[in-house]
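Trainee: Dumping the structure here so I can ask a few things about it.
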Amino acid sequence: MAQDDNGGKDLIAADSSTVDDRAGHPGTAVIVQDAVENPGFPPHRPRITDLDPEKERRAARTVYTLFYLSIVGSIWAVAAYMLFPIESGKISDVRLNTMFIGIGISLALLALGLGAVHWAKALMHEKEGVDLRHPQGGSVETQARAIEIFDEANQESGFGRRTLIRNTLIGALIAFPLPAIVLFRGFGPQNDDPAKLLTYTMWKKGTRLTRDPSGTPIKASDVTLGSVFHVIPEGLLEKSDMLEQKAKAAVLLMRLKPEDLHVSPDRKTWNYDGIIAYSKICTHVGCPVALYEQQTHHLLCPCHQSQFDITHEAKVIFGPAKRPLPQLPITVDSEGYLVARSDFTEPVGPSFWERH
Amino acid sequence: MSTTTSAPVAEKKGSFTAAAAGYLEERTSISVVVKEFGRKIFPDHWSFLLGEIALYSFIVILLSGTFLTFFFQASMAETVYNGSWVPLKGIEMSSALNSTLNISFDVRGGLLMRQIHHWAALLFVAAIGLHMLRIFFTGSFRKPRELNWVIGFTLFILAMAEGFTGYSLPDDLLSGNGLRIIDGMVKGLPVVGTWISYLLFGGEFPGTAIVGRLYTLHILLLPALVVALIAIHLVFVVVHKHTQYAGAGRTQGNVVGYPILPVYAAKAGGFFFIVFGVIALMASFFTINPVWMYGPYDPSPVSAGTQPDWYIGFADGALRLMPPGLEFVWLDRTWSFNIIIPVLVLGLFIVLVAIYPFIEGWVTGDKREHHITDRPRNNSTRTAIGAAGVTFYAALWAAASSDIIAVHFKLSIEGVTHAIQASAILGPIVAYFVAKRICIALQKKDRSIALHGYESGRIVKLPGGEFIEVHEQLDDYERWRLVSYESYRPLMIRPNSRGKITSMQRLRAGFSRWFYEDRIEPPTRGEIEGGHDHH
């Protein structure tokens, strides 16, 4: 490995000449003939602990005192483990437990570390040593022998000569990992098409809008002007794939003055008396667009600050998102509860390749 | 023991240590290792400790992480929390979060261990980053260390992957939103995105597989890679021997410092405990990742001011900085350039970082080994490139906190975003020129001091009435530090053996001019002797 064979003994003085005998082309480096000479090592300057025995004794005292302190810290940590229980469940007890065990451990570690470093710096023999470097790469003989070994192996195996054997071997080595790649298909369920799964949610015609997280249905009359509801579809809470469905179906419900809304002709029937429902899943990378500014009617995504203007059908007015939040067409049922007219008419959430 | 060939250590009769050493020696030839490494010399400098901090914090991560695995349940199976933390009692959550809360509230010292693990992870990535900057700015990546740079770079990427996978394990609201962003990013990638997301999450997001899968990566695959690469990294350090800063007596052919036994054993060993101690101290007093405040992951709620751990910030910031409208449907497919551009830009950025040593080696054509580090000022273009890179990274990083900056300083989020967008593009350019000019100015100062000495503060009145300040000469040792660097001249284009100038050579000459047109060459002996005469 290291090419020292001197057992750390060659503590020789630096060569003061500046002759650069490194192998290899210097490229565009400027080789100055008249370069300043390396003056060699400066004279050694002894430390205060080398000169003053009292200082040396004090340093020794400091080191072993630190090691004593370290032992105290360790014992303290063990004691703190017993003295500060957390079983009451109170956060203050957890805090004390963490803090006092931690102080003990920290003291044990820091005192140990500082003691060792101080020992090295103040007391250990501090004359610098010198190792010689050797250029990378084995000796010429070693390299020649390595080449020879490969040659011999080539001769003895016929690797270079028997080209068909060699090439089929390479082919087999390329082919053998392929099954492993195929196995990764099993990471997702076999019979689903991921792009298709993203095109629908659990909203259907007549699905009631319910409160998140309680699941109680919402009457149109509950939605006062300026209020905002976090909405999930009725029946979501009973679903076994509740989170996956919620990640697509979460909706924000707001009521604005009908005259504030700019409704395009094909969406005339999608709101109910100024009550509008938009997908809560950001069209950028899918964070919940949870922050509603009541005064400006803007929705803000807290992850990447895309902003959507609710008065203009949730079009993007700032940030990295491109598409408006999809609108959920809603109406009321016979009992006055808000229901969906249909599923979203486009995929919700982040864009994906197959979306069109 | 008369004529046997037993090792000399065995000759000390009676001592237990000697007997044990002899026993080991006769079975392992351990003396070879001691002879080889016991007095190996390492040079000393504070900046060499940055890599040590990275190594030691990784050991702390391994120790604390092992403890955590004994309690953590990497499962997304639904449970009802029934532990000590009252606000979440009765709430449905995954086993992952449930067990994380139990570690925090029902295992004595468990929260301490969690916080040690998390703080150590944050420090690990930070130390690697600073270590890389040290290597970069001192040119320690040059031959023969280019491959070790690439290994270290890979470790940096792996450390971020370790961090992110670990951050996602508790399955709390914050980390779940982090995964949501990853899912959205992956889906935005052309052709393969939808499928990768589907396979990664085992179906639709969030699914019930991701925590278990990340756990396998986090505690098995990634740590194995990190340990293996750290081992190779350190083997290379031994093979190459450590670089050293320029100094009197130090040459390209030697390494000056202290031996492993006893000095470095004590210093480096002690430093491990100091690093561990500082991490433990932070963990004792400073809360990190309080998942009990966030609650279980749910795709619907999110808190304002969501932040990733610091080392993912630059990627999140890149997403935030994309201007609106960068997505369209073409050929019946969705092209999400608001995702593709940041992915490509970040990819290009980190690839440039990874291959920089090869670029510089190609530009200089220097095939010699370099064991004396550069002072950053003495390679002004490299330092300026580094400053530009750091500024670019910093702008993306700041962007990850754009909302918090806006709230804290009562600015509009639009204004903050636009300001950071501008600084991500203009900042690196400004930083490049400022750094380059500062480097050259410092070189000029060095040169002037080497030639004319330093201002002594002693004012002398000459017989003619003129006042001068006496300049004192440096001693040879101090001067050596200022003048012992190499400079490069721009490449002269020359036709090759077929009498042609290739476009590759033109390109290289262009790079070479860019790197080395502005340069201050070190003063020569003749100039210094001439310089003395002036005063």
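Simple scheme: letters A, B, ... for chains in structure tokens order, numbers from 1 for residues in each chain, numbers from 1 for ligands in the order shown.
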Pull out every residue of chain A that has at least one atom within 6 Å of chain B, counting only C-alpha atoms, and report them as a PyMOL selection string.

Mentor: chain A and resi 1-2+7-8+14+23-30+34-36+39-41+89+98-99+102+106+109-110+113+116-117+120+128-133+187-188+244+247+285-286+288+302+304+319-320+322+350-356

Trainee: Tell me, as an MDAnalysis selection string, which residues lie within 7 Å of region 311-313 of chain A, counting only C-alpha atoms; anything in the same chain fewer than 3 positions away does not count.

Mentor: chainID A and resid 260:263 297

Trainee: Write out, as a PDB file, in the first residue's frame, the residues just selected, with C-alpha atoms.

Mentor:
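The resulting file, part-v1.pdb, is reproduced below:
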ATOM      1  CA  ASP A 260     -66.615  38.271  -8.490  1.00  0.00           C
ATOM      2  CA  LEU A 261     -66.337  35.029 -10.424  1.00  0.00           C
ATOM      3  CA  HIS A 262     -65.240  35.021 -14.028  1.00  0.00           C
ATOM      4  CA  VAL A 263     -66.900  31.869 -15.296  1.00  0.00           C
ATOM      5  CA  HIS A 297     -59.121  35.269  -3.391  1.00  0.00           C
TER       6      HIS A 297
END

Trainee: Run DSSP on the backbone and tell me which residues of region 78-294 of chain B come out as helix (DSSP H, G or I); list them as a VMD selection string.

Mentor: chain B and resid 86 to 88 95 to 105 110 to 137 146 to 168 173 to 187 193 to 201 210 to 240 260 to 285 291 to 294

Trainee: Can you tell me, as a PyMOL selection string, what residues are no more than 10 Å from Cys301 (chain A) when counting only C-alpha atoms, ignoring any on the same chain fewer than 4 positions away?

Mentor: (chain A and resi 280-284+286-292+305-308+319+321) or (chain B and resi 302+304)

Trainee: If you run DSSP over the backbone, which residues in region 191-279 of chain B end up strand (DSSP E or B)? Put them as a list in words.

Mentor: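 Filtering region 191-279 of chain B to strand (DSSP E or B) leaves Gln244, Tyr245, Asn254, Val255, Val256, Gly257, Tyr258 and Pro259 of chain B.
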
Trainee: CA of Ile135 (chain B) and CA of Glu37 (chain A) are how many Å apart?

Mentor: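 Atom-to-atom, CA of Ile135 (chain B) and CA of Glu37 (chain A) are spaced 26.7 Å apart.
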
Trainee: Report, in Å with one decimal, the straight-line distance from CA of Gln136 (chain A) to CA of Thr383 (chain B).

Mentor: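 Here the two named atoms are 27.2 Å from each other.
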
Trainee: Using Å and a single decimal, report how far CA of Val125 (chain B) sits from CA of Tyr393 (chain B).

Mentor: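 Spanning CA of Tyr393 (chain B) to CA of Val125 (chain B) is a straight-line distance of 14.6 Å.
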
Trainee: Got a sec: who's within 7 Å of Pro347 (chain A), counting only C-alpha atoms, leaving out chain neighbours fewer than 6 positions off, as number ranges by chain?

Mentor: A: 198-200
